[in-house]
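**Q** So I've got this file, query.cif, and it contains mmCIF, N, CA and C atoms:
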data_coords
loop_
_atom_site.group_PDB
_atom_site.id
_atom_site.type_symbol
_atom_site.label_atom_id
_atom_site.label_comp_id
_atom_site.auth_asym_id
_atom_site.auth_seq_id
_atom_site.Cartn_x
_atom_site.Cartn_y
_atom_site.Cartn_z
ATOM 1 N N ALA C 17 -32.487 19.365 -16.826
ATOM 2 C CA ALA C 17 -31.440 18.354 -16.841
ATOM 3 C C ALA C 17 -30.473 18.614 -17.995
ATOM 4 N N VAL C 18 -29.224 18.235 -17.779
ATOM 5 C CA VAL C 18 -28.197 18.412 -18.798
ATOM 6 C C VAL C 18 -28.124 17.146 -19.645
ATOM 7 N N ASP C 19 -28.127 17.332 -20.950
ATOM 8 C CA ASP C 19 -28.028 16.204 -21.884
ATOM 9 C C ASP C 19 -26.559 15.953 -22.191
ATOM 10 N N ALA C 20 -26.024 14.841 -21.688
ATOM 11 C CA ALA C 20 -24.603 14.521 -21.874
ATOM 12 C C ALA C 20 -24.245 14.317 -23.343
ATOM 13 N N HIS C 21 -25.250 14.091 -24.197
ATOM 14 C CA HIS C 21 -24.992 13.871 -25.623
ATOM 15 C C HIS C 21 -25.064 15.161 -26.435
ATOM 16 N N ASP C 22 -25.442 16.257 -25.786
ATOM 17 C CA ASP C 22 -25.502 17.556 -26.458
ATOM 18 C C ASP C 22 -24.076 17.954 -26.856
ATOM 19 N N PRO C 23 -23.857 18.298 -28.135
ATOM 20 C CA PRO C 23 -22.497 18.665 -28.575
ATOM 21 C C PRO C 23 -21.885 19.808 -27.765
ATOM 22 N N LEU C 24 -22.683 20.769 -27.360
ATOM 23 C CA LEU C 24 -22.161 21.886 -26.573
ATOM 24 C C LEU C 24 -21.658 21.397 -25.215
ATOM 25 N N VAL C 25 -22.408 20.510 -24.589
ATOM 26 C CA VAL C 25 -21.989 19.952 -23.298
ATOM 27 C C VAL C 25 -20.676 19.198 -23.471
ATOM 28 N N ARG C 26 -20.575 18.397 -24.522
ATOM 29 C CA ARG C 26 -19.330 17.658 -24.776
ATOM 30 C C ARG C 26 -18.154 18.608 -24.970
ATOM 31 N N HIS C 27 -18.350 19.684 -25.737
ATOM 32 C CA HIS C 27 -17.264 20.653 -25.964
ATOM 33 C C HIS C 27 -16.856 21.346 -24.671
ATOM 34 N N LEU C 28 -17.820 21.672 -23.829
ATOM 35 C CA LEU C 28 -17.500 22.305 -22.550
ATOM 36 C C LEU C 28 -16.730 21.344 -21.640
ATOM 37 N N LYS C 29 -17.121 20.063 -21.653
ATOM 38 C CA LYS C 29 -16.405 19.070 -20.853
ATOM 39 C C LYS C 29 -14.969 18.903 -21.347
ATOM 40 N N ILE C 30 -14.782 18.917 -22.661
ATOM 41 C CA ILE C 30 -13.430 18.811 -23.232
ATOM 42 C C ILE C 30 -12.599 20.027 -22.836
ATOM 43 N N ALA C 31 -13.189 21.217 -22.939
ATOM 44 C CA ALA C 31 -12.467 22.439 -22.558
ATOM 45 C C ALA C 31 -12.063 22.393 -21.090
ATOM 46 N N ARG C 32 -12.953 21.894 -20.236
ATOM 47 C CA ARG C 32 -12.634 21.786 -18.809
ATOM 48 C C ARG C 32 -11.488 20.792 -18.590
ATOM 49 N N ALA C 33 -11.515 19.675 -19.305
ATOM 50 C CA ALA C 33 -10.455 18.660 -19.168
ATOM 51 C C ALA C 33 -9.108 19.215 -19.625
ATOM 52 N N ILE C 34 -9.095 19.967 -20.724
ATOM 53 C CA ILE C 34 -7.855 20.589 -21.205
ATOM 54 C C ILE C 34 -7.321 21.560 -20.160
ATOM 55 N N SER C 35 -8.202 22.360 -19.592
ATOM 56 C CA SER C 35 -7.803 23.311 -18.561
ATOM 57 C C SER C 35 -7.223 22.591 -17.338
ATOM 58 N N ARG C 36 -7.872 21.520 -16.908
ATOM 59 C CA ARG C 36 -7.367 20.749 -15.766
ATOM 60 C C ARG C 36 -6.001 20.147 -16.074
ATOM 61 N N ALA C 37 -5.829 19.628 -17.290
ATOM 62 C CA ALA C 37 -4.548 19.021 -17.677
ATOM 63 C C ALA C 37 -3.436 20.074 -17.675
ATOM 64 N N ARG C 38 -3.722 21.235 -18.250
ATOM 65 C CA ARG C 38 -2.706 22.300 -18.284
ATOM 66 C C ARG C 38 -2.349 22.779 -16.892
ATOM 67 N N SER C 39 -3.343 22.882 -16.017
ATOM 68 C CA SER C 39 -3.074 23.277 -14.627
ATOM 69 C C SER C 39 -2.186 22.249 -13.941
ATOM 70 N N ALA C 40 -2.469 20.972 -14.165
ATOM 71 C CA ALA C 40 -1.683 19.902 -13.550
ATOM 72 C C ALA C 40 -0.233 19.944 -14.012
ATOM 73 N N LEU C 41 -0.027 20.347 -15.255
ATOM 74 C CA LEU C 41 1.313 20.354 -15.845
ATOM 75 C C LEU C 41 2.112 21.620 -15.537
ATOM 76 N N ARG C 42 1.456 22.632 -15.022
ATOM 77 C CA ARG C 42 2.102 23.934 -14.841
ATOM 78 C C ARG C 42 3.427 23.849 -14.089
ATOM 79 N N ALA C 43 3.461 23.075 -13.002
ATOM 80 C CA ALA C 43 4.672 23.012 -12.161
ATOM 81 C C ALA C 43 5.851 22.337 -12.854
ATOM 82 N N VAL C 44 5.571 21.534 -13.885
ATOM 83 C CA VAL C 44 6.652 20.809 -14.565
ATOM 84 C C VAL C 44 6.743 21.175 -16.044
ATOM 85 N N ALA C 45 6.085 22.243 -16.435
ATOM 86 C CA ALA C 45 6.010 22.624 -17.856
ATOM 87 C C ALA C 45 7.382 22.740 -18.507
ATOM 88 N N ASP C 46 8.376 23.188 -17.748
ATOM 89 C CA ASP C 46 9.727 23.355 -18.296
ATOM 90 C C ASP C 46 10.363 22.017 -18.680
ATOM 91 N N SER C 47 9.829 20.911 -18.162
ATOM 92 C CA SER C 47 10.394 19.588 -18.442
ATOM 93 C C SER C 47 9.573 18.780 -19.439
ATOM 94 N N VAL C 48 8.431 19.315 -19.862
ATOM 95 C CA VAL C 48 7.513 18.551 -20.719
ATOM 96 C C VAL C 48 7.808 18.816 -22.194
ATOM 97 N N ASP C 49 8.107 17.729 -22.930
ATOM 98 C CA ASP C 49 8.292 17.829 -24.376
ATOM 99 C C ASP C 49 6.938 17.793 -25.086
ATOM 100 N N LEU C 50 6.042 16.959 -24.564
ATOM 101 C CA LEU C 50 4.734 16.765 -25.175
ATOM 102 C C LEU C 50 3.779 16.262 -24.107
ATOM 103 N N ALA C 51 2.541 16.768 -24.129
ATOM 104 C CA ALA C 51 1.490 16.245 -23.252
ATOM 105 C C ALA C 51 0.221 16.109 -24.083
ATOM 106 N N VAL C 52 -0.396 14.930 -23.998
ATOM 107 C CA VAL C 52 -1.598 14.639 -24.776
ATOM 108 C C VAL C 52 -2.689 14.111 -23.853
ATOM 109 N N LEU C 53 -3.827 14.778 -23.878
ATOM 110 C CA LEU C 53 -5.019 14.313 -23.182
ATOM 111 C C LEU C 53 -5.666 13.260 -24.067
ATOM 112 N N PHE C 54 -5.928 12.073 -23.514
ATOM 113 C CA PHE C 54 -6.555 11.028 -24.322
ATOM 114 C C PHE C 54 -7.622 10.336 -23.492
ATOM 115 N N GLY C 55 -8.306 9.385 -24.086
ATOM 116 C CA GLY C 55 -9.349 8.670 -23.361
ATOM 117 C C GLY C 55 -10.662 9.430 -23.345
ATOM 118 N N SER C 56 -11.518 9.066 -22.401
ATOM 119 C CA SER C 56 -12.885 9.595 -22.382
ATOM 120 C C SER C 56 -12.940 11.115 -22.253
ATOM 121 N N ALA C 57 -12.047 11.711 -21.476
ATOM 122 C CA ALA C 57 -12.081 13.167 -21.284
ATOM 123 C C ALA C 57 -11.742 13.928 -22.566
ATOM 124 N N SER C 58 -10.958 13.301 -23.446
ATOM 125 C CA SER C 58 -10.557 13.988 -24.679
ATOM 126 C C SER C 58 -11.694 14.059 -25.696
ATOM 127 N N CYS C 59 -12.747 13.283 -25.471
ATOM 128 C CA CYS C 59 -13.888 13.342 -26.396
ATOM 129 C C CYS C 59 -15.184 13.706 -25.676
ATOM 130 N N GLY C 60 -15.055 14.198 -24.445
ATOM 131 C CA GLY C 60 -16.226 14.669 -23.711
ATOM 132 C C GLY C 60 -17.130 13.558 -23.222
ATOM 133 N N GLU C 61 -16.610 12.355 -23.103
ATOM 134 C CA GLU C 61 -17.415 11.217 -22.676
ATOM 135 C C GLU C 61 -17.094 10.784 -21.249
ATOM 136 N N ASP C 62 -16.306 11.595 -20.532
ATOM 137 C CA ASP C 62 -15.969 11.273 -19.155
ATOM 138 C C ASP C 62 -17.185 11.462 -18.247
ATOM 139 N N THR C 63 -17.176 10.738 -17.138
ATOM 140 C CA THR C 63 -18.231 10.854 -16.138
ATOM 141 C C THR C 63 -17.599 11.363 -14.846
ATOM 142 N N ILE C 64 -18.413 11.529 -13.829
ATOM 143 C CA ILE C 64 -17.910 12.076 -12.565
ATOM 144 C C ILE C 64 -16.741 11.263 -12.015
ATOM 145 N N GLY C 65 -16.780 9.937 -12.149
ATOM 146 C CA GLY C 65 -15.715 9.103 -11.609
ATOM 147 C C GLY C 65 -14.519 8.892 -12.528
ATOM 148 N N SER C 66 -14.551 9.495 -13.707
ATOM 149 C CA SER C 66 -13.466 9.270 -14.677
ATOM 150 C C SER C 66 -12.187 9.996 -14.284
ATOM 151 N N ASP C 67 -11.066 9.324 -14.521
ATOM 152 C CA ASP C 67 -9.765 9.968 -14.367
ATOM 153 C C ASP C 67 -9.431 10.712 -15.651
ATOM 154 N N LEU C 68 -8.517 11.647 -15.532
ATOM 155 C CA LEU C 68 -7.992 12.367 -16.692
ATOM 156 C C LEU C 68 -6.777 11.586 -17.179
ATOM 157 N N ASP C 69 -6.869 11.003 -18.372
ATOM 158 C CA ASP C 69 -5.759 10.235 -18.938
ATOM 159 C C ASP C 69 -4.829 11.194 -19.663
ATOM 160 N N LEU C 70 -3.561 11.192 -19.279
ATOM 161 C CA LEU C 70 -2.613 12.160 -19.811
ATOM 162 C C LEU C 70 -1.288 11.479 -20.123
ATOM 163 N N LEU C 71 -0.888 11.538 -21.393
ATOM 164 C CA LEU C 71 0.436 11.068 -21.781
ATOM 165 C C LEU C 71 1.383 12.251 -21.670
ATOM 166 N N VAL C 72 2.504 12.048 -20.998
ATOM 167 C CA VAL C 72 3.513 13.101 -20.881
ATOM 168 C C VAL C 72 4.848 12.534 -21.338
ATOM 169 N N VAL C 73 5.481 13.222 -22.276
ATOM 170 C CA VAL C 73 6.805 12.829 -22.756
ATOM 171 C C VAL C 73 7.811 13.812 -22.175
ATOM 172 N N THR C 74 8.811 13.280 -21.490
ATOM 173 C CA THR C 74 9.797 14.112 -20.806
ATOM 174 C C THR C 74 11.103 13.343 -20.629
ATOM 175 N N SER C 75 12.186 14.074 -20.521
ATOM 176 C CA SER C 75 13.473 13.447 -20.209
ATOM 177 C C SER C 75 13.648 13.312 -18.699
ATOM 178 N N ASP C 76 12.785 13.981 -17.923
ATOM 179 C CA ASP C 76 12.868 13.967 -16.459
ATOM 180 C C ASP C 76 11.666 13.217 -15.878
ATOM 181 N N VAL C 77 11.582 11.922 -16.192
ATOM 182 C CA VAL C 77 10.425 11.096 -15.821
ATOM 183 C C VAL C 77 10.165 11.129 -14.315
ATOM 184 N N ASP C 78 11.198 10.960 -13.493
ATOM 185 C CA ASP C 78 11.002 10.880 -12.041
ATOM 186 C C ASP C 78 10.375 12.150 -11.479
ATOM 187 N N ARG C 79 10.888 13.317 -11.873
ATOM 188 C CA ARG C 79 10.357 14.591 -11.371
ATOM 189 C C ARG C 79 8.912 14.788 -11.813
ATOM 190 N N VAL C 80 8.656 14.554 -13.092
ATOM 191 C CA VAL C 80 7.314 14.784 -13.633
ATOM 192 C C VAL C 80 6.316 13.815 -13.008
ATOM 193 N N LEU C 81 6.691 12.551 -12.900
ATOM 194 C CA LEU C 81 5.798 11.556 -12.313
ATOM 195 C C LEU C 81 5.513 11.871 -10.847
ATOM 196 N N ALA C 82 6.538 12.274 -10.108
ATOM 197 C CA ALA C 82 6.344 12.613 -8.692
ATOM 198 C C ALA C 82 5.362 13.772 -8.543
ATOM 199 N N GLU C 83 5.480 14.766 -9.391
ATOM 200 C CA GLU C 83 4.586 15.931 -9.326
ATOM 201 C C GLU C 83 3.157 15.546 -9.713
ATOM 202 N N LEU C 84 3.009 14.812 -10.806
ATOM 203 C CA LEU C 84 1.672 14.478 -11.301
ATOM 204 C C LEU C 84 0.966 13.445 -10.430
ATOM 205 N N ALA C 85 1.733 12.584 -9.767
ATOM 206 C CA ALA C 85 1.140 11.547 -8.914
ATOM 207 C C ALA C 85 0.386 12.153 -7.731
ATOM 208 N N ARG C 86 0.714 13.386 -7.374
ATOM 209 C CA ARG C 86 0.067 14.040 -6.233
ATOM 210 C C ARG C 86 -1.309 14.605 -6.583
ATOM 211 N N ILE C 87 -1.647 14.632 -7.856
ATOM 212 C CA ILE C 87 -2.879 15.279 -8.295
ATOM 213 C C ILE C 87 -4.005 14.261 -8.410
ATOM 214 N N GLU C 88 -5.032 14.464 -7.607
ATOM 215 C CA GLU C 88 -6.166 13.547 -7.583
ATOM 216 C C GLU C 88 -6.929 13.586 -8.908
ATOM 217 N N GLY C 89 -7.339 12.423 -9.357
ATOM 218 C CA GLY C 89 -8.141 12.339 -10.578
ATOM 219 C C GLY C 89 -7.333 12.364 -11.860
ATOM 220 N N LEU C 90 -6.013 12.300 -11.721
ATOM 221 C CA LEU C 90 -5.140 12.312 -12.889
ATOM 222 C C LEU C 90 -4.524 10.926 -13.065
ATOM 223 N N GLN C 91 -4.530 10.441 -14.288
ATOM 224 C CA GLN C 91 -3.925 9.132 -14.596
ATOM 225 C C GLN C 91 -2.799 9.377 -15.607
ATOM 226 N N PRO C 92 -1.602 9.761 -15.108
ATOM 227 C CA PRO C 92 -0.525 10.080 -16.043
ATOM 228 C C PRO C 92 0.226 8.847 -16.535
ATOM 229 N N VAL C 93 0.577 8.881 -17.811
ATOM 230 C CA VAL C 93 1.492 7.905 -18.398
ATOM 231 C C VAL C 93 2.708 8.738 -18.804
ATOM 232 N N VAL C 94 3.807 8.555 -18.096
ATOM 233 C CA VAL C 94 4.990 9.394 -18.304
ATOM 234 C C VAL C 94 6.074 8.567 -18.984
ATOM 235 N N LEU C 95 6.505 9.022 -20.154
ATOM 236 C CA LEU C 95 7.470 8.297 -20.967
ATOM 237 C C LEU C 95 8.644 9.191 -21.355
ATOM 238 N N THR C 96 9.789 8.564 -21.582
ATOM 239 C CA THR C 96 10.917 9.284 -22.161
ATOM 240 C C THR C 96 10.644 9.445 -23.659
ATOM 241 N N PRO C 97 11.355 10.357 -24.323
ATOM 242 C CA PRO C 97 11.172 10.490 -25.773
ATOM 243 C C PRO C 97 11.414 9.177 -26.522
ATOM 244 N N SER C 98 12.413 8.395 -26.111
ATOM 245 C CA SER C 98 12.688 7.138 -26.819
ATOM 246 C C SER C 98 11.581 6.109 -26.576
ATOM 247 N N GLN C 99 11.035 6.058 -25.366
ATOM 248 C CA GLN C 99 9.899 5.158 -25.097
ATOM 249 C C GLN C 99 8.694 5.561 -25.943
ATOM 250 N N HIS C 100 8.469 6.856 -26.057
ATOM 251 C CA HIS C 100 7.354 7.367 -26.861
ATOM 252 C C HIS C 100 7.526 6.972 -28.323
ATOM 253 N N MET C 101 8.731 7.138 -28.855
ATOM 254 C CA MET C 101 9.001 6.762 -30.245
ATOM 255 C C MET C 101 8.775 5.268 -30.464
ATOM 256 N N GLN C 102 9.170 4.459 -29.479
ATOM 257 C CA GLN C 102 8.987 3.006 -29.562
ATOM 258 C C GLN C 102 7.498 2.656 -29.641
ATOM 259 N N ILE C 103 6.690 3.294 -28.819
ATOM 260 C CA ILE C 103 5.236 3.041 -28.822
ATOM 261 C C ILE C 103 4.625 3.465 -30.154
ATOM 262 N N LEU C 104 5.072 4.611 -30.670
ATOM 263 C CA LEU C 104 4.561 5.061 -31.969
ATOM 264 C C LEU C 104 4.947 4.082 -33.069
ATOM 265 N N ALA C 105 6.176 3.592 -33.010
ATOM 266 C CA ALA C 105 6.659 2.666 -34.031
ATOM 267 C C ALA C 105 5.893 1.345 -33.993
ATOM 268 N N GLU C 106 5.541 0.901 -32.793
ATOM 269 C CA GLU C 106 4.814 -0.358 -32.652
ATOM 270 C C GLU C 106 3.353 -0.232 -33.052
ATOM 271 N N GLY C 107 2.828 0.985 -33.009
ATOM 272 C CA GLY C 107 1.405 1.165 -33.282
ATOM 273 C C GLY C 107 0.604 0.578 -32.137
ATOM 274 N N GLY C 108 -0.520 -0.006 -32.424
ATOM 275 C CA GLY C 108 -1.296 -0.643 -31.374
ATOM 276 C C GLY C 108 -2.344 0.266 -30.764
ATOM 277 N N THR C 109 -3.058 -0.279 -29.809
ATOM 278 C CA THR C 109 -4.204 0.386 -29.207
ATOM 279 C C THR C 109 -3.827 1.673 -28.480
ATOM 280 N N PHE C 110 -2.762 1.617 -27.664
ATOM 281 C CA PHE C 110 -2.369 2.805 -26.912
ATOM 282 C C PHE C 110 -1.931 3.924 -27.849
ATOM 283 N N ALA C 111 -1.120 3.596 -28.851
ATOM 284 C CA ALA C 111 -0.673 4.605 -29.821
ATOM 285 C C ALA C 111 -1.877 5.222 -30.528
ATOM 286 N N ALA C 112 -2.865 4.411 -30.855
ATOM 287 C CA ALA C 112 -4.066 4.918 -31.519
ATOM 288 C C ALA C 112 -4.871 5.822 -30.600
ATOM 289 N N ALA C 113 -4.987 5.451 -29.323
ATOM 290 C CA ALA C 113 -5.725 6.271 -28.359
ATOM 291 C C ALA C 113 -5.062 7.638 -28.193
ATOM 292 N N VAL C 114 -3.726 7.642 -28.120
ATOM 293 C CA VAL C 114 -2.997 8.904 -27.979
ATOM 294 C C VAL C 114 -3.100 9.736 -29.259
ATOM 295 N N ALA C 115 -3.030 9.073 -30.416
ATOM 296 C CA ALA C 115 -3.142 9.787 -31.689
ATOM 297 C C ALA C 115 -4.502 10.476 -31.818
ATOM 298 N N ALA C 116 -5.534 9.892 -31.205
ATOM 299 C CA ALA C 116 -6.877 10.481 -31.263
ATOM 300 C C ALA C 116 -7.080 11.544 -30.183
ATOM 301 N N GLY C 117 -6.064 11.723 -29.326
ATOM 302 C CA GLY C 117 -6.181 12.657 -28.219
ATOM 303 C C GLY C 117 -5.946 14.106 -28.619
ATOM 304 N N ILE C 118 -5.815 14.949 -27.608
ATOM 305 C CA ILE C 118 -5.657 16.396 -27.802
ATOM 306 C C ILE C 118 -4.333 16.836 -27.205
ATOM 307 N N ARG C 119 -3.470 17.434 -28.022
ATOM 308 C CA ARG C 119 -2.196 17.952 -27.518
ATOM 309 C C ARG C 119 -2.495 19.150 -26.623
ATOM 310 N N VAL C 120 -2.051 19.095 -25.383
ATOM 311 C CA VAL C 120 -2.288 20.192 -24.446
ATOM 312 C C VAL C 120 -1.014 20.964 -24.117
ATOM 313 N N MET C 121 0.137 20.418 -24.523
ATOM 314 C CA MET C 121 1.400 21.105 -24.284
ATOM 315 C C MET C 121 2.485 20.511 -25.166
ATOM 316 N N GLY C 122 3.389 21.326 -25.619
ATOM 317 C CA GLY C 122 4.552 20.861 -26.357
ATOM 318 C C GLY C 122 4.308 20.665 -27.843
ATOM 319 N N ALA C 123 5.354 20.122 -28.488
ATOM 320 C CA ALA C 123 5.316 19.916 -29.925
ATOM 321 C C ALA C 123 4.455 18.738 -30.209
#
Once you've parsed the file, please lay out its structure as structure tokens.
**A**
Amino acid sequence: AVDAHDPLVRHLKIARAISRARSALRAVADSVDLAVLFGSASCGEDTIGSDLDLLVVTSDVDRVLAELARIEGLQPVVLTPSQHMQILAEGGTFAAAVAAGIRVMGA
């Protein structure tokens, strides 16, 4: 049996989540300013039913959202740069969750 609390298992799950996030973003990479994996998958605590939580900052919200919405198991939060700055300025739970996440693309 696999021990979900084993650090190696957690690291492998995180690596898989990063790979899935990057694959999902490939078609819109030219429009992505920043992409951050956050939530349970970013710390290896996701389960079989967990979605991949992904913050994407882009100036082309409609295109990026349309592309990412087609991918099963992905929970994208797509923001413009100004919306992202507003969330960072406000702080709060979501800003903290994203700050604890893993940058998978962009600055």
**Q** Mind telling me what the PyMOL selection byres (((chain C and resi 84-95 and name CA) around 10) and name CA) catches here, as a compact mmCIF listing (two decimals) with N, CA and C atoms, keeping the file's coordinate frame?
**A**
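Result file is selection_3.txt:
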# COMPACT_ATOMS: atom_id res chain seq x y z
N ARG C 36 -7.87 21.52 -16.91
CA ARG C 36 -7.37 20.75 -15.77
C ARG C 36 -6.00 20.15 -16.07
N ALA C 37 -5.83 19.63 -17.29
CA ALA C 37 -4.55 19.02 -17.68
C ALA C 37 -3.44 20.07 -17.68
N ALA C 40 -2.47 20.97 -14.16
CA ALA C 40 -1.68 19.90 -13.55
C ALA C 40 -0.23 19.94 -14.01
N LEU C 41 -0.03 20.35 -15.26
CA LEU C 41 1.31 20.35 -15.84
C LEU C 41 2.11 21.62 -15.54
N ALA C 43 3.46 23.08 -13.00
CA ALA C 43 4.67 23.01 -12.16
C ALA C 43 5.85 22.34 -12.85
N VAL C 44 5.57 21.53 -13.88
CA VAL C 44 6.65 20.81 -14.56
C VAL C 44 6.74 21.18 -16.04
N VAL C 48 8.43 19.32 -19.86
CA VAL C 48 7.51 18.55 -20.72
C VAL C 48 7.81 18.82 -22.19
N LEU C 50 6.04 16.96 -24.56
CA LEU C 50 4.73 16.76 -25.18
C LEU C 50 3.78 16.26 -24.11
N ALA C 51 2.54 16.77 -24.13
CA ALA C 51 1.49 16.24 -23.25
C ALA C 51 0.22 16.11 -24.08
N VAL C 52 -0.40 14.93 -24.00
CA VAL C 52 -1.60 14.64 -24.78
C VAL C 52 -2.69 14.11 -23.85
N LEU C 53 -3.83 14.78 -23.88
CA LEU C 53 -5.02 14.31 -23.18
C LEU C 53 -5.67 13.26 -24.07
N ILE C 64 -18.41 11.53 -13.83
CA ILE C 64 -17.91 12.08 -12.56
C ILE C 64 -16.74 11.26 -12.02
N GLY C 65 -16.78 9.94 -12.15
CA GLY C 65 -15.72 9.10 -11.61
C GLY C 65 -14.52 8.89 -12.53
N SER C 66 -14.55 9.49 -13.71
CA SER C 66 -13.47 9.27 -14.68
C SER C 66 -12.19 10.00 -14.28
N ASP C 67 -11.07 9.32 -14.52
CA ASP C 67 -9.76 9.97 -14.37
C ASP C 67 -9.43 10.71 -15.65
N LEU C 68 -8.52 11.65 -15.53
CA LEU C 68 -7.99 12.37 -16.69
C LEU C 68 -6.78 11.59 -17.18
N ASP C 69 -6.87 11.00 -18.37
CA ASP C 69 -5.76 10.24 -18.94
C ASP C 69 -4.83 11.19 -19.66
N LEU C 70 -3.56 11.19 -19.28
CA LEU C 70 -2.61 12.16 -19.81
C LEU C 70 -1.29 11.48 -20.12
N LEU C 71 -0.89 11.54 -21.39
CA LEU C 71 0.44 11.07 -21.78
C LEU C 71 1.38 12.25 -21.67
N VAL C 72 2.50 12.05 -21.00
CA VAL C 72 3.51 13.10 -20.88
C VAL C 72 4.85 12.53 -21.34
N VAL C 73 5.48 13.22 -22.28
CA VAL C 73 6.80 12.83 -22.76
C VAL C 73 7.81 13.81 -22.18
N THR C 74 8.81 13.28 -21.49
CA THR C 74 9.80 14.11 -20.81
C THR C 74 11.10 13.34 -20.63
N SER C 75 12.19 14.07 -20.52
CA SER C 75 13.47 13.45 -20.21
C SER C 75 13.65 13.31 -18.70
N ASP C 76 12.78 13.98 -17.92
CA ASP C 76 12.87 13.97 -16.46
C ASP C 76 11.67 13.22 -15.88
N VAL C 77 11.58 11.92 -16.19
CA VAL C 77 10.42 11.10 -15.82
C VAL C 77 10.16 11.13 -14.32
N ASP C 78 11.20 10.96 -13.49
CA ASP C 78 11.00 10.88 -12.04
C ASP C 78 10.38 12.15 -11.48
N ARG C 79 10.89 13.32 -11.87
CA ARG C 79 10.36 14.59 -11.37
C ARG C 79 8.91 14.79 -11.81
N VAL C 80 8.66 14.55 -13.09
CA VAL C 80 7.31 14.78 -13.63
C VAL C 80 6.32 13.82 -13.01
N LEU C 81 6.69 12.55 -12.90
CA LEU C 81 5.80 11.56 -12.31
C LEU C 81 5.51 11.87 -10.85
N ALA C 82 6.54 12.27 -10.11
CA ALA C 82 6.34 12.61 -8.69
C ALA C 82 5.36 13.77 -8.54
N GLU C 83 5.48 14.77 -9.39
CA GLU C 83 4.59 15.93 -9.33
C GLU C 83 3.16 15.55 -9.71
N THR C 96 9.79 8.56 -21.58
CA THR C 96 10.92 9.28 -22.16
C THR C 96 10.64 9.44 -23.66
N PRO C 97 11.36 10.36 -24.32
CA PRO C 97 11.17 10.49 -25.77
C PRO C 97 11.41 9.18 -26.52
N SER C 98 12.41 8.40 -26.11
CA SER C 98 12.69 7.14 -26.82
C SER C 98 11.58 6.11 -26.58
N GLN C 99 11.04 6.06 -25.37
CA GLN C 99 9.90 5.16 -25.10
C GLN C 99 8.69 5.56 -25.94
N HIS C 100 8.47 6.86 -26.06
CA HIS C 100 7.35 7.37 -26.86
C HIS C 100 7.53 6.97 -28.32
N MET C 101 8.73 7.14 -28.86
CA MET C 101 9.00 6.76 -30.24
C MET C 101 8.78 5.27 -30.46
N ILE C 103 6.69 3.29 -28.82
CA ILE C 103 5.24 3.04 -28.82
C ILE C 103 4.62 3.46 -30.15
**Q** Write out, as CSV, each residue of range 39-78 of chain C that has an atom at most 8 Å from range 22-33 of chain C, together with the closest pair of atoms and their distance in Å to one decimal, counting all atoms listed in the file, rows going by chain and rising number.
**A**
residue,atom,partner,partner_atom,distance
C:Ser39,N,C:Ala33,C,7.7
C:Leu53,CA,C:Ala33,C,7.3
C:Ser56,C,C:Ile30,CA,7.8
C:Ala57,C,C:Ile30,CA,5.2
C:Ser58,C,C:Ile30,CA,5.6
C:Cys59,C,C:Arg26,C,5.8
C:Gly60,CA,C:Arg26,CA,4.4
C:Glu61,N,C:Arg26,CA,6.2
C:Asp62,N,C:Lys29,C,7.5
C:Leu68,CA,C:Ala33,CA,7.2
**Q** Take the selection from the previous step and output its residues with N, CA and C atoms, as a PDB file, in the coordinates of the input.
**A**
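File written: part.pdb
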ATOM      1  N   SER C  39      -3.343  22.882 -16.017  1.00  0.00           N
ATOM      2  CA  SER C  39      -3.074  23.277 -14.627  1.00  0.00           C
ATOM      3  C   SER C  39      -2.186  22.249 -13.941  1.00  0.00           C
ATOM      4  N   LEU C  53      -3.827  14.778 -23.878  1.00  0.00           N
ATOM      5  CA  LEU C  53      -5.019  14.313 -23.182  1.00  0.00           C
ATOM      6  C   LEU C  53      -5.666  13.260 -24.067  1.00  0.00           C
ATOM      7  N   SER C  56     -11.518   9.066 -22.401  1.00  0.00           N
ATOM      8  CA  SER C  56     -12.885   9.595 -22.382  1.00  0.00           C
ATOM      9  C   SER C  56     -12.940  11.115 -22.253  1.00  0.00           C
ATOM     10  N   ALA C  57     -12.047  11.711 -21.476  1.00  0.00           N
ATOM     11  CA  ALA C  57     -12.081  13.167 -21.284  1.00  0.00           C
ATOM     12  C   ALA C  57     -11.742  13.928 -22.566  1.00  0.00           C
ATOM     13  N   SER C  58     -10.958  13.301 -23.446  1.00  0.00           N
ATOM     14  CA  SER C  58     -10.557  13.988 -24.679  1.00  0.00           C
ATOM     15  C   SER C  58     -11.694  14.059 -25.696  1.00  0.00           C
ATOM     16  N   CYS C  59     -12.747  13.283 -25.471  1.00  0.00           N
ATOM     17  CA  CYS C  59     -13.888  13.342 -26.396  1.00  0.00           C
ATOM     18  C   CYS C  59     -15.184  13.706 -25.676  1.00  0.00           C
ATOM     19  N   GLY C  60     -15.055  14.198 -24.445  1.00  0.00           N
ATOM     20  CA  GLY C  60     -16.226  14.669 -23.711  1.00  0.00           C
ATOM     21  C   GLY C  60     -17.130  13.558 -23.222  1.00  0.00           C
ATOM     22  N   GLU C  61     -16.610  12.355 -23.103  1.00  0.00           N
ATOM     23  CA  GLU C  61     -17.415  11.217 -22.676  1.00  0.00           C
ATOM     24  C   GLU C  61     -17.094  10.784 -21.249  1.00  0.00           C
ATOM     25  N   ASP C  62     -16.306  11.595 -20.532  1.00  0.00           N
ATOM     26  CA  ASP C  62     -15.969  11.273 -19.155  1.00  0.00           C
ATOM     27  C   ASP C  62     -17.185  11.462 -18.247  1.00  0.00           C
ATOM     28  N   LEU C  68      -8.517  11.647 -15.532  1.00  0.00           N
ATOM     29  CA  LEU C  68      -7.992  12.367 -16.692  1.00  0.00           C
ATOM     30  C   LEU C  68      -6.777  11.586 -17.179  1.00  0.00           C
TER      31      LEU C  68
END
**Q** Quick one: of C:Glu106, C:Ile34, C:Asp49, C:His21, who's nearest to Met121 in chain C, counting all atoms listed in the file?
**A** C:Asp49
**Q** So what do you get for atom C of Gly117 in chain C versus atom N of Arg38 in chain C, distance-wise?
**A** 12.8 Å
**Q** In Å, how far is it from CA of Thr63 in chain C to CA of Arg42 in chain C?
**A**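 These atoms are spaced 24.2 Å apart.
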**Q** Separation of CA of Leu104 in chain C and CA of Ser35 in chain C, in Å?
**A**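 Calculated distance between CA of Leu104 in chain C and CA of Ser35 in chain C is 25.8 Å.
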